[in-house]
>>> print(open('model18.cif').read())   # mmCIF, C-alpha atoms and all ligand atoms
data_query
#
loop_
_atom_site.label_atom_id
_atom_site.label_comp_id
_atom_site.auth_asym_id
_atom_site.auth_seq_id
_atom_site.Cartn_x
_atom_site.Cartn_y
_atom_site.Cartn_z
CA MET A 1 15.80 -23.12 -14.43
CA SER A 2 15.21 -24.42 -10.93
CA ALA A 3 11.55 -24.13 -9.85
CA LEU A 4 12.78 -21.92 -7.01
CA HIS A 5 14.33 -19.46 -9.48
CA ASP A 6 10.82 -18.74 -10.76
CA PRO A 7 9.59 -15.68 -8.75
CA PRO A 8 5.88 -16.70 -8.29
CA GLU A 9 6.80 -20.24 -7.23
CA PHE A 10 9.54 -18.88 -4.99
CA ARG A 11 7.07 -16.57 -3.24
CA THR A 12 4.52 -19.36 -2.72
CA GLN A 13 7.07 -21.67 -1.16
CA LEU A 14 8.65 -18.91 0.94
CA ARG A 15 5.24 -17.95 2.33
CA ALA A 16 4.51 -21.60 3.20
CA TRP A 17 7.87 -21.81 4.98
CA LEU A 18 7.27 -18.56 6.89
CA GLU A 19 3.85 -19.80 7.98
CA SER A 20 5.33 -23.02 9.35
CA THR A 21 8.30 -21.32 11.07
CA ASP A 22 7.95 -19.34 14.26
CA LEU A 23 9.90 -16.10 13.79
CA THR A 24 7.61 -13.94 15.94
CA PRO A 25 9.49 -10.80 17.00
CA PRO A 26 10.11 -10.28 20.74
CA PRO A 27 7.81 -7.81 22.53
CA GLU A 28 10.67 -5.38 23.32
CA ASP A 29 10.65 -2.37 21.04
CA CYS A 30 14.26 -1.17 21.13
CA LEU A 31 17.17 -1.17 18.70
CA GLU A 32 19.04 -4.02 20.44
CA ALA A 33 15.93 -6.22 20.25
CA HIS A 34 15.40 -5.31 16.58
CA LEU A 35 18.99 -6.19 15.72
CA HIS A 36 18.82 -9.44 17.67
CA GLN A 37 15.63 -10.37 15.82
CA PHE A 38 17.23 -9.40 12.49
CA ALA A 39 20.14 -11.79 13.17
CA ARG A 40 17.73 -14.54 14.23
CA VAL A 41 15.56 -14.21 11.09
CA GLN A 42 18.58 -13.99 8.77
CA ARG A 43 20.09 -17.11 10.34
CA ALA A 44 16.84 -19.06 9.84
CA LEU A 45 16.43 -17.78 6.27
CA TYR A 46 20.03 -18.65 5.47
CA GLU A 47 19.89 -22.15 6.92
CA ALA A 48 16.71 -22.84 4.94
CA GLY A 49 18.33 -21.31 1.83
CA TRP A 50 15.90 -18.41 1.33
CA SER A 51 18.35 -15.56 1.97
CA ARG A 52 20.87 -17.15 -0.44
CA TYR A 53 18.65 -16.97 -3.52
CA GLY A 54 19.25 -14.03 -5.85
CA TRP A 55 22.91 -13.86 -4.77
CA PRO A 56 25.73 -15.30 -6.92
CA GLU A 57 27.06 -18.75 -6.06
CA HIS A 58 30.68 -17.50 -5.89
CA ALA A 59 29.66 -15.32 -2.91
CA GLY A 60 27.78 -18.03 -1.03
CA GLY A 61 24.44 -17.59 -2.80
CA LEU A 62 22.23 -20.04 -4.65
CA GLY A 63 21.86 -17.95 -7.83
CA GLY A 64 18.67 -16.86 -9.57
CA PRO A 65 17.42 -13.36 -10.38
CA ALA A 66 17.81 -10.42 -7.95
CA MET A 67 14.01 -10.27 -7.94
CA LEU A 68 14.08 -13.24 -5.50
CA ARG A 69 15.84 -11.03 -2.96
CA ALA A 70 13.17 -8.41 -3.38
CA ILE A 71 10.54 -11.06 -2.61
CA VAL A 72 12.33 -12.18 0.57
CA GLY A 73 12.62 -8.54 1.70
CA GLU A 74 8.98 -7.84 0.88
CA GLU A 75 7.76 -10.84 2.85
CA VAL A 76 9.92 -10.58 5.97
CA VAL A 77 9.76 -6.80 6.30
CA GLY A 78 6.13 -6.52 5.08
CA GLN A 79 5.09 -9.09 7.70
CA ARG A 80 7.12 -7.08 10.25
CA LEU A 81 9.32 -10.00 11.17
CA VAL A 82 12.29 -7.64 10.89
CA GLU A 83 12.58 -3.87 10.81
CA PRO A 84 13.45 -2.22 7.48
CA GLY A 85 16.54 -0.29 8.74
CA PRO A 86 18.91 -3.19 9.47
CA TYR A 87 17.54 -5.13 6.51
CA SER A 88 18.45 -2.30 4.14
CA MET A 89 22.16 -2.43 5.10
CA LEU A 90 22.34 -5.94 3.71
CA GLU A 91 20.77 -4.99 0.38
CA VAL A 92 23.04 -1.96 0.01
CA LEU A 93 26.39 -3.38 1.14
CA ALA A 94 26.48 -7.02 -0.02
CA PRO A 95 26.19 -6.19 -3.77
CA THR A 96 28.98 -3.62 -3.39
CA MET A 97 31.25 -6.24 -1.81
CA ILE A 98 30.45 -8.70 -4.58
CA ASP A 99 31.26 -6.15 -7.27
CA TYR A 100 34.39 -4.63 -5.74
CA ALA A 101 36.08 -7.02 -3.25
CA THR A 102 38.51 -9.68 -4.44
CA PRO A 103 36.59 -12.93 -5.14
CA GLU A 104 38.25 -14.56 -2.11
CA LEU A 105 37.26 -11.74 0.24
CA ALA A 106 33.67 -11.65 -1.09
CA ALA A 107 33.37 -15.45 -0.75
CA GLU A 108 34.61 -15.25 2.84
CA MET A 109 32.63 -12.22 3.99
CA VAL A 110 29.28 -12.03 2.17
CA PRO A 111 27.92 -15.25 3.75
CA LYS A 112 28.59 -13.74 7.20
CA LEU A 113 26.27 -10.88 6.33
CA LEU A 114 23.60 -12.97 4.61
CA SER A 115 23.46 -15.41 7.51
CA GLY A 116 23.04 -12.73 10.18
CA LYS A 117 26.38 -13.61 11.82
CA GLU A 118 27.54 -10.05 11.22
CA LEU A 119 26.23 -6.56 10.68
CA TRP A 120 28.13 -4.08 8.48
CA CYS A 121 27.99 -0.32 8.23
CA GLN A 122 28.56 2.32 5.56
CA GLY A 123 31.19 4.93 6.38
CA PHE A 124 30.65 7.56 3.68
CA SER A 125 29.36 10.85 5.21
CA GLU A 126 31.61 13.21 7.16
CA PRO A 127 30.87 16.36 9.17
CA GLY A 128 31.69 18.55 6.13
CA SER A 129 30.77 16.08 3.36
CA GLY A 130 27.25 14.75 2.90
CA SER A 131 25.56 15.84 -0.30
CA ASP A 132 28.98 16.90 -1.54
CA LEU A 133 30.47 13.50 -0.78
CA ALA A 134 33.40 13.93 -3.17
CA SER A 135 34.88 16.54 -0.82
CA LEU A 136 35.48 13.95 1.94
CA THR A 137 38.75 14.32 3.87
CA THR A 138 39.30 11.06 5.80
CA ARG A 139 42.73 10.16 4.44
CA ALA A 140 44.39 6.82 3.71
CA VAL A 141 48.17 6.89 3.20
CA PRO A 142 50.15 3.88 1.93
CA ARG A 143 52.78 2.25 4.18
CA GLY A 144 54.31 -0.84 2.57
CA ASP A 145 51.48 -3.29 1.86
CA GLN A 146 49.25 -1.45 4.30
CA TRP A 147 47.30 1.80 4.49
CA VAL A 148 47.05 4.13 7.47
CA ILE A 149 43.70 5.90 7.90
CA ASN A 150 42.97 9.13 9.79
CA GLY A 151 39.76 11.15 9.89
CA GLN A 152 36.13 11.12 10.98
CA LYS A 153 32.82 9.78 9.69
CA VAL A 154 29.36 10.73 10.93
CA TRP A 155 25.77 9.44 10.69
CA THR A 156 27.16 5.90 10.32
CA SER A 157 24.08 3.77 10.96
CA PHE A 158 24.50 0.84 13.38
CA ALA A 159 28.31 1.35 13.59
CA GLN A 160 28.33 0.47 17.30
CA TYR A 161 26.94 -2.99 16.46
CA ALA A 162 28.78 -3.55 13.17
CA GLN A 163 31.76 -5.86 12.75
CA ARG A 164 32.84 -4.30 9.43
CA CYS A 165 32.63 -0.99 7.64
CA ILE A 166 32.73 -0.13 3.95
CA LEU A 167 34.74 3.06 4.22
CA LEU A 168 35.44 5.84 1.73
CA THR A 169 38.80 7.58 2.06
CA ARG A 170 40.83 10.14 0.16
CA THR A 171 44.03 8.70 -1.32
CA GLY A 172 44.78 11.13 -4.16
CA GLY A 173 46.81 14.32 -3.71
CA ALA A 174 45.66 17.90 -4.22
CA GLU A 175 46.33 17.63 -7.98
CA THR A 176 43.99 14.58 -8.38
CA PRO A 177 40.39 15.44 -9.41
CA ASN A 178 38.01 14.67 -6.53
CA HIS A 179 36.25 11.80 -8.32
CA GLN A 180 39.54 9.95 -8.90
CA ALA A 181 40.96 10.64 -5.46
CA ILE A 182 38.64 8.40 -3.42
CA THR A 183 39.36 4.81 -2.45
CA ALA A 184 37.16 2.34 -0.55
CA PHE A 185 38.28 -0.14 2.12
CA PHE A 186 36.57 -2.97 3.96
CA VAL A 187 37.59 -2.33 7.55
CA ASP A 188 37.14 -4.45 10.69
CA THR A 189 35.59 -2.14 13.26
CA ASP A 190 37.63 -3.68 16.11
CA THR A 191 40.89 -2.49 14.51
CA PRO A 192 42.94 -0.42 17.02
CA GLY A 193 42.45 3.31 16.53
CA ILE A 194 38.72 3.18 15.70
CA ASP A 195 36.48 4.98 18.19
CA VAL A 196 32.70 4.67 17.72
CA ARG A 197 30.47 7.18 19.52
CA PRO A 198 26.69 6.70 19.16
CA LEU A 199 24.44 9.68 18.45
CA ARG A 200 20.83 9.86 19.59
CA THR A 201 18.25 10.71 16.94
CA MET A 202 15.18 12.86 17.63
CA HIS A 203 13.10 9.67 17.72
CA GLY A 204 15.12 8.63 20.77
CA VAL A 205 17.28 5.85 19.32
CA ASP A 206 21.09 5.60 19.15
CA GLU A 207 20.80 4.61 15.53
CA PHE A 208 23.85 6.23 14.07
CA CYS A 209 27.32 7.18 15.20
CA GLU A 210 30.37 9.31 14.84
CA VAL A 211 33.34 7.11 13.93
CA TYR A 212 36.89 8.37 14.49
CA PHE A 213 39.97 6.90 12.78
CA ASP A 214 43.30 7.53 14.47
CA ASP A 215 46.24 5.85 12.65
CA VAL A 216 44.10 2.85 11.76
CA VAL A 217 46.17 0.28 9.84
CA VAL A 218 44.35 -1.65 7.11
CA ASP A 219 45.89 -4.31 4.90
CA GLY A 220 46.06 -3.54 1.16
CA SER A 221 44.07 -6.75 0.51
CA ARG A 222 41.06 -4.98 2.06
CA MET A 223 40.93 -2.32 -0.63
CA LEU A 224 37.70 -2.51 -2.64
CA GLY A 225 38.70 -2.17 -6.29
CA LYS A 226 41.79 -0.13 -7.11
CA PRO A 227 43.02 3.20 -5.74
CA GLY A 228 40.64 5.85 -7.12
CA ASP A 229 37.67 3.47 -7.60
CA GLY A 230 35.84 4.73 -4.49
CA TRP A 231 33.67 7.31 -6.23
CA GLN A 232 32.48 4.79 -8.80
CA LEU A 233 31.74 2.34 -5.95
CA ALA A 234 29.57 4.97 -4.27
CA MET A 235 27.71 5.62 -7.53
CA ASP A 236 27.26 1.89 -8.23
CA LEU A 237 25.71 1.39 -4.80
CA LEU A 238 22.77 3.67 -5.58
CA PRO A 239 20.92 1.37 -8.03
CA TYR A 240 20.95 -1.37 -5.36
CA GLU A 241 19.82 1.01 -2.64
CA ARG A 242 16.98 2.24 -4.84
CA SER A 243 15.73 -1.12 -6.19
CA THR A 244 15.54 -4.28 -4.04
CA CYS A 245 16.26 -2.25 -0.91
CA PHE A 246 13.44 0.24 -1.53
CA TRP A 247 11.07 -2.62 -2.32
CA GLN A 248 11.20 -3.94 1.24
CA ARG A 249 10.71 -0.44 2.69
CA ILE A 250 7.64 -0.01 0.48
CA ALA A 251 6.27 -3.31 1.85
CA TYR A 252 6.84 -1.94 5.35
CA LEU A 253 4.99 1.30 4.49
CA TYR A 254 2.06 -0.69 3.13
CA SER A 255 1.90 -2.64 6.41
CA ARG A 256 1.84 0.65 8.34
CA PHE A 257 -0.86 1.96 6.01
CA ASP A 258 -3.01 -1.07 6.84
CA ALA A 259 -2.30 -0.49 10.54
CA LEU A 260 -3.34 3.16 10.19
CA ILE A 261 -6.65 2.22 8.57
CA ALA A 262 -7.31 -0.29 11.37
CA GLU A 263 -6.47 2.31 14.04
CA VAL A 264 -8.65 4.99 12.41
CA LYS A 265 -11.56 2.54 12.26
CA ARG A 266 -10.96 1.46 15.87
CA GLN A 267 -11.19 5.09 16.98
CA GLY A 268 -14.46 5.39 15.08
CA ALA A 269 -13.15 8.09 12.73
CA ALA A 270 -14.12 8.17 9.07
CA VAL A 271 -11.73 6.56 6.59
CA ASP A 272 -11.57 9.54 4.26
CA ASN A 273 -9.97 11.18 1.25
CA ASP A 274 -6.66 11.66 3.06
CA LEU A 275 -6.15 7.92 3.20
CA GLY A 276 -6.99 7.74 -0.49
CA ALA A 277 -4.19 10.21 -1.20
CA VAL A 278 -1.75 8.09 0.84
CA TYR A 279 -2.80 4.96 -1.03
CA LEU A 280 -2.24 6.73 -4.34
CA ALA A 281 1.24 7.88 -3.26
CA LEU A 282 2.18 4.36 -2.11
CA HIS A 283 0.78 2.78 -5.22
CA THR A 284 2.63 5.22 -7.53
CA LEU A 285 5.82 4.49 -5.63
CA ARG A 286 5.34 0.73 -5.84
CA CYS A 287 4.65 0.87 -9.61
CA ARG A 288 7.74 2.98 -10.15
CA SER A 289 9.88 0.69 -7.99
CA ARG A 290 8.61 -2.40 -9.80
CA ALA A 291 9.56 -0.85 -13.15
CA THR A 292 13.01 0.06 -11.77
CA GLN A 293 13.65 -3.51 -10.69
CA HIS A 294 12.59 -4.85 -14.06
CA ARG A 295 14.94 -2.41 -15.80
CA LEU A 296 17.78 -3.56 -13.55
CA ALA A 297 16.90 -7.22 -14.23
CA ASP A 298 16.89 -6.53 -18.00
CA GLY A 299 20.47 -5.29 -17.76
CA HIS A 300 19.82 -1.54 -17.99
CA ARG A 301 22.28 0.70 -16.22
CA LEU A 302 20.39 2.74 -13.64
CA GLY A 303 21.50 6.30 -13.09
CA PRO A 304 19.89 9.66 -12.33
CA ASP A 305 16.46 8.16 -13.07
CA THR A 306 16.55 6.53 -9.61
CA SER A 307 16.32 10.02 -8.09
CA VAL A 308 12.63 9.85 -9.06
CA ASP A 309 12.27 6.70 -6.93
CA LYS A 310 13.96 8.45 -4.00
CA VAL A 311 11.67 11.50 -4.20
CA LEU A 312 8.57 9.30 -4.47
CA LEU A 313 9.66 7.17 -1.50
CA ALA A 314 10.35 10.12 0.79
CA SER A 315 7.13 11.91 -0.25
CA ALA A 316 4.93 8.83 0.26
CA GLU A 317 6.53 8.02 3.62
CA GLN A 318 6.09 11.54 4.95
CA LEU A 319 2.54 11.80 3.63
CA LEU A 320 1.64 8.53 5.37
CA TYR A 321 2.86 9.79 8.75
CA ASP A 322 1.49 13.33 8.25
CA THR A 323 -1.88 11.66 7.68
CA ALA A 324 -1.45 9.55 10.81
CA ARG A 325 -0.81 12.77 12.73
CA ASP A 326 -3.97 14.35 11.31
CA LEU A 327 -6.28 11.35 11.75
CA LEU A 328 -5.07 10.14 15.15
CA PRO A 329 -5.29 13.36 17.20
CA GLY A 330 -2.64 13.62 19.92
CA VAL A 331 -1.07 10.24 19.18
CA ILE A 332 2.05 11.75 17.66
CA GLU A 333 2.28 14.77 19.94
CA LEU A 334 1.39 13.15 23.27
CA ASP A 335 1.97 9.37 23.17
CA GLU A 336 5.37 7.71 23.39
CA GLY A 337 4.26 4.86 21.12
CA GLU A 338 5.41 3.63 17.74
CA TRP A 339 3.39 6.14 15.67
CA ARG A 340 5.29 9.00 17.27
CA ALA A 341 8.69 7.33 16.78
CA GLU A 342 7.85 6.48 13.18
CA TYR A 343 6.52 9.97 12.47
CA LEU A 344 9.76 11.50 13.72
CA TYR A 345 11.88 9.00 11.80
CA SER A 346 9.95 9.70 8.60
CA ARG A 347 11.41 13.23 8.64
CA ALA A 348 14.78 11.62 7.83
CA ALA A 349 13.43 10.19 4.57
CA THR A 350 14.18 13.45 2.76
CA ILE A 351 17.78 13.37 4.06
CA TYR A 352 19.31 9.88 4.05
CA GLY A 353 20.42 8.29 0.79
CA GLY A 354 20.44 11.72 -0.91
CA THR A 355 18.44 14.76 0.20
CA ALA A 356 15.18 15.75 -1.51
CA GLU A 357 16.65 19.04 -2.76
CA VAL A 358 19.64 17.35 -4.33
CA GLN A 359 17.46 14.66 -5.95
CA ARG A 360 15.20 17.32 -7.43
CA ASN A 361 18.24 19.14 -8.81
CA ILE A 362 19.43 15.90 -10.41
CA ILE A 363 16.00 15.37 -11.97
CA ALA A 364 15.94 18.95 -13.26
CA ARG A 365 19.44 18.99 -14.69
CA ARG A 366 20.12 15.45 -15.79
CA LEU A 367 16.67 14.14 -16.73
CA LEU A 368 14.92 17.35 -17.84
CA ASP A 369 18.05 19.12 -19.10
CA LEU A 370 17.11 22.33 -17.31
CA PRO A 371 19.77 24.99 -16.65
CA LYS A 372 21.15 25.88 -13.20
CA GLU A 373 19.16 28.50 -11.30
C1 LIG B 1 18.69 8.30 9.37
C2 LIG B 1 19.95 8.55 8.63
C3 LIG B 1 20.85 7.51 8.44
C4 LIG B 1 22.05 7.74 7.77
N1 LIG B 1 22.93 6.70 7.64
C5 LIG B 1 24.12 6.92 7.03
C6 LIG B 1 25.10 5.87 6.95
O1 LIG B 1 24.85 4.73 7.40
N2 LIG B 1 26.27 6.13 6.37
C7 LIG B 1 26.58 7.36 5.83
O2 LIG B 1 27.66 7.52 5.29
N3 LIG B 1 25.70 8.40 5.93
C8 LIG B 1 24.48 8.19 6.51
N4 LIG B 1 23.58 9.23 6.62
C9 LIG B 1 23.98 10.57 6.17
C10 LIG B 1 23.32 11.02 4.88
O3 LIG B 1 23.84 10.34 3.78
C11 LIG B 1 23.53 12.53 4.80
O4 LIG B 1 22.80 13.12 5.86
C12 LIG B 1 23.06 13.10 3.48
O5 LIG B 1 23.90 12.69 2.44
C13 LIG B 1 23.03 14.65 3.51
O6 LIG B 1 24.24 15.15 3.90
P1 LIG B 1 24.37 16.19 5.12
O7 LIG B 1 23.63 15.66 6.28
O8 LIG B 1 25.81 16.50 5.28
O9 LIG B 1 23.61 17.48 4.64
P2 LIG B 1 24.15 18.62 3.67
O10 LIG B 1 24.73 17.99 2.43
O11 LIG B 1 25.02 19.53 4.45
O12 LIG B 1 22.82 19.36 3.29
C14 LIG B 1 22.21 20.32 4.14
C15 LIG B 1 21.02 20.93 3.39
O13 LIG B 1 21.50 21.60 2.21
C16 LIG B 1 20.86 21.10 1.04
N5 LIG B 1 21.83 21.04 -0.06
C17 LIG B 1 23.09 20.54 -0.03
N6 LIG B 1 23.67 20.64 -1.24
C18 LIG B 1 22.74 21.19 -2.07
C19 LIG B 1 22.72 21.54 -3.45
N7 LIG B 1 23.78 21.33 -4.21
N8 LIG B 1 21.59 22.08 -3.94
C20 LIG B 1 20.49 22.28 -3.16
N9 LIG B 1 20.46 21.99 -1.84
C21 LIG B 1 21.56 21.45 -1.31
C22 LIG B 1 20.42 19.69 1.41
O14 LIG B 1 19.33 19.28 0.60
C23 LIG B 1 20.03 19.87 2.87
O15 LIG B 1 18.74 20.40 2.97
C24 LIG B 1 22.36 9.03 7.27
C25 LIG B 1 21.46 10.07 7.44
C26 LIG B 1 20.27 9.85 8.13
C27 LIG B 1 19.33 11.00 8.31
#
>>> encode(input="model18.cif", output="structure tokens", more="lines below")
Ligand SMILES: Cc1cc2nc3c(=O)[nH]c(=O)nc-3n(C[C@H](O)[C@H](O)[C@H](O)COP(=O)(O)OP(=O)(O)OC[C@H]3O[C@@H](n4cnc5c(N)ncnc54)[C@H](O)[C@@H]3O)c2cc1C
Amino acid sequence: MSALHDPPEFRTQLRAWLESTDLTPPPEDCLEAHLHQFARVQRALYEAGWSRYGWPEHAGGLGGPAMLRAIVGEEVVGQRLVEPGPYSMLEVLAPTMIDYATPELAAEMVPKLLSGKELWCQGFSEPGSGSDLASLTTRAVPRGDQWVINGQKVWTSFAQYAQRCILLTRTGGAETPNHQAITAFFVDTDTPGIDVRPLRTMHGVDEFCEVYFDDVVVDGSRMLGKPGDGWQLAMDLLPYERSTCFWQRIAYLYSRFDALIAEVKRQGAAVDNDLGAVYLALHTLRCRSRATQHRLADGHRLGPDTSVDKVLLASAEQLLYDTARDLLPGVIELDEGEWRAEYLYSRAATIYGGTAEVQRNIIARRLLDLPKE
């Protein structure tokens, strides 16, 4: 095993490299600046090899366990060199491409994402299909070697900046069961017929979009897997989203926890029990996430058990910002600063990647074997 495939040694050397490399974020606090910084950091990490570890060699990586990716995410997001949102797209979408694209397409495309040359988006949700994703209606119809796509996606994060989209479509007829009727495509977002309209979130950022597809022609070679594999692709994405991807968000939350303690002390307030409760929630989450990553590394198939990780993440994140609201009077209600924006964004934690209610239902039915209400 290469010394750099050993996680502790990898972390030591990565930290030394980060210390000797100036990747200081720009002072501007807006989405464009965050995405520019993300591309800059990814390019530097890729050129130095760091962002290639933990990814397979046939897709432009340098091999080694997935745990190495978690370490890179923890360091760069935990040190706030990049924001967690754009970073998470990489951890969610690249493994899906590696598992489902043809080897040639994965070898061509994945390095573009790892190196920060491109940003990709995830076109799953639709106006009538979020929690009930299998009911999606964006349709792909075959025409020779090509497919013609019509329909609409919504809440597609970063679509206005993305060069590609992993898109779920319906290809089966009315007689096909929902879970066998969905097919995924890897679509260039500059294809004629695609119209991207940004939506403003309540924290004041055009973070996600509506995406319209009007007779969009996609080559059959861009299908991910076979016709009908789309539902399985969506299910297979979850273990990635809830392992290495969560790990970097947890690192980010810890950094904000440290910032909250510093701010509370600066204001002369007491560091009290409430902060203890936040620490406990973060620590529980981190322990759970660590165990999840080890189970993934040991070859276990992750399933409904990751709903526990999702509930813990959303609860810890919201508790952290609720506590910030309580301990920093007026900062969330009256200031336009980052605490307010982050507080508002934390409300989305119980929605994106599976709502809290749906996760709790999954835990009740599939882990605890409880009956429907
Ligand atoms: C910040 C953010 C970024 C996002 N980025 C993306 C993205 O990049 N790509 C993408 O495809 N999507 C994205 N989404 C969309 C996200 O996946 C959906 O919002 C989510 O799946 C919920 O779907 P919905 O909004 O349609 O709500 P609905 O499914 O309509 O749910 C509405 C309410 O009903 C409850 N509910 C629904 N079904 C049940 C049930 N069976 N039992 C109990 N309660 C239920 C829900 O918990 C919720 O409270 C993003 C969302 C957010 C907030």
>>> closest_atom_pairs(input="model18.cif", of="chain A", to="ligand LIG 1 (chain B)", cutoff="9 Å", atoms="all atoms listed in the file", output="JSON lines")
{"residue": "A:Gly85", "atom": "CA", "partner": "B:LIG1", "partner_atom": "C1", "distance": 8.9}
{"residue": "A:Met89", "atom": "CA", "partner": "B:LIG1", "partner_atom": "O1", "distance": 8.0}
{"residue": "A:Cys121", "atom": "CA", "partner": "B:LIG1", "partner_atom": "O1", "distance": 6.0}
{"residue": "A:Gln122", "atom": "CA", "partner": "B:LIG1", "partner_atom": "N2", "distance": 4.5}
{"residue": "A:Gly123", "atom": "CA", "partner": "B:LIG1", "partner_atom": "O2", "distance": 4.5}
{"residue": "A:Phe124", "atom": "CA", "partner": "B:LIG1", "partner_atom": "O2", "distance": 3.4}
{"residue": "A:Ser125", "atom": "CA", "partner": "B:LIG1", "partner_atom": "O2", "distance": 3.7}
{"residue": "A:Glu126", "atom": "CA", "partner": "B:LIG1", "partner_atom": "O8", "distance": 6.9}
{"residue": "A:Pro127", "atom": "CA", "partner": "B:LIG1", "partner_atom": "O8", "distance": 6.4}
{"residue": "A:Gly128", "atom": "CA", "partner": "B:LIG1", "partner_atom": "O8", "distance": 6.3}
{"residue": "A:Ser129", "atom": "CA", "partner": "B:LIG1", "partner_atom": "O8", "distance": 5.3}
{"residue": "A:Gly130", "atom": "CA", "partner": "B:LIG1", "partner_atom": "O6", "distance": 3.2}
{"residue": "A:Ser131", "atom": "CA", "partner": "B:LIG1", "partner_atom": "O10", "distance": 3.6}
{"residue": "A:Asp132", "atom": "CA", "partner": "B:LIG1", "partner_atom": "O10", "distance": 5.9}
{"residue": "A:Leu133", "atom": "CA", "partner": "B:LIG1", "partner_atom": "O5", "distance": 7.4}
{"residue": "A:Lys153", "atom": "CA", "partner": "B:LIG1", "partner_atom": "O2", "distance": 7.1}
{"residue": "A:Val154", "atom": "CA", "partner": "B:LIG1", "partner_atom": "N3", "distance": 6.6}
{"residue": "A:Trp155", "atom": "CA", "partner": "B:LIG1", "partner_atom": "C8", "distance": 4.5}
{"residue": "A:Thr156", "atom": "CA", "partner": "B:LIG1", "partner_atom": "O1", "distance": 3.9}
{"residue": "A:Ser157", "atom": "CA", "partner": "B:LIG1", "partner_atom": "O1", "distance": 3.8}
{"residue": "A:Phe158", "atom": "CA", "partner": "B:LIG1", "partner_atom": "O1", "distance": 7.1}
{"residue": "A:Ala159", "atom": "CA", "partner": "B:LIG1", "partner_atom": "O1", "distance": 7.9}
{"residue": "A:Leu167", "atom": "CA", "partner": "B:LIG1", "partner_atom": "O2", "distance": 8.4}
{"residue": "A:Leu168", "atom": "CA", "partner": "B:LIG1", "partner_atom": "O2", "distance": 8.7}
{"residue": "A:Thr201", "atom": "CA", "partner": "B:LIG1", "partner_atom": "C1", "distance": 8.0}
{"residue": "A:Glu207", "atom": "CA", "partner": "B:LIG1", "partner_atom": "C1", "distance": 7.5}
{"residue": "A:Phe208", "atom": "CA", "partner": "B:LIG1", "partner_atom": "C3", "distance": 6.5}
{"residue": "A:Cys209", "atom": "CA", "partner": "B:LIG1", "partner_atom": "O1", "distance": 8.5}
{"residue": "A:Tyr345", "atom": "CA", "partner": "B:LIG1", "partner_atom": "C1", "distance": 7.3}
{"residue": "A:Ser346", "atom": "CA", "partner": "B:LIG1", "partner_atom": "C1", "distance": 8.9}
{"residue": "A:Arg347", "atom": "CA", "partner": "B:LIG1", "partner_atom": "C27", "distance": 8.2}
{"residue": "A:Ala348", "atom": "CA", "partner": "B:LIG1", "partner_atom": "C27", "distance": 4.6}
{"residue": "A:Ala349", "atom": "CA", "partner": "B:LIG1", "partner_atom": "C27", "distance": 7.0}
{"residue": "A:Thr350", "atom": "CA", "partner": "B:LIG1", "partner_atom": "C27", "distance": 8.0}
{"residue": "A:Ile351", "atom": "CA", "partner": "B:LIG1", "partner_atom": "C27", "distance": 5.1}
{"residue": "A:Tyr352", "atom": "CA", "partner": "B:LIG1", "partner_atom": "C25", "distance": 4.0}
{"residue": "A:Gly353", "atom": "CA", "partner": "B:LIG1", "partner_atom": "O3", "distance": 5.0}
{"residue": "A:Gly354", "atom": "CA", "partner": "B:LIG1", "partner_atom": "O5", "distance": 4.9}
{"residue": "A:Thr355", "atom": "CA", "partner": "B:LIG1", "partner_atom": "O14", "distance": 4.6}
{"residue": "A:Ala356", "atom": "CA", "partner": "B:LIG1", "partner_atom": "O14", "distance": 5.8}
{"residue": "A:Glu357", "atom": "CA", "partner": "B:LIG1", "partner_atom": "O14", "distance": 4.3}
{"residue": "A:Val358", "atom": "CA", "partner": "B:LIG1", "partner_atom": "N8", "distance": 5.1}
{"residue": "A:Gln359", "atom": "CA", "partner": "B:LIG1", "partner_atom": "O14", "distance": 8.2}
{"residue": "A:Arg360", "atom": "CA", "partner": "B:LIG1", "partner_atom": "C20", "distance": 8.4}
{"residue": "A:Asn361", "atom": "CA", "partner": "B:LIG1", "partner_atom": "N8", "distance": 6.6}
>>> residues_around(input="model18.cif", residues="Phe38 (chain A)", least_positions_apart="4", cutoff="9 Å", atoms="all atoms listed in the file", output="ChimeraX atom specification")
/A:33-34,42-43,81-83,86-87,116
>>> closest_residue(input="model18.cif", among="A:Pro371, A:Pro95, A:Val271, A:Pro103", to="Leu238 (chain A)", atoms="all atoms listed in the file")
A:Pro95
>>> atom_distance(input="model18.cif", atom1="CA of Gln146 (chain A)", atom2="CA of Gly172 (chain A)")
15.8 Å
>>> closest_residue(input="model18.cif", among="A:Glu57, A:Asp298, A:Glu241, A:Glu32", to="Asp206 (chain A)", atoms="all atoms listed in the file")
A:Glu32
>>> residues_around(input="model18.cif", residues="region 334-343 of chain A", least_positions_apart="3", cutoff="12 Å", atoms="all atoms listed in the file", output="VMD selection string")
chain A and resid 28 to 30 83 to 85 201 to 205 252 to 253 256 to 257 259 to 260 263 317 to 331 346 to 349
>>> residues_around(input="model18.cif", residues="Ala251 (chain A)", least_positions_apart="2", cutoff="10 Å", atoms="all atoms listed in the file", output="PyMOL selection string")
chain A and resi 71+73-80+84+246-249+253-257+282+286
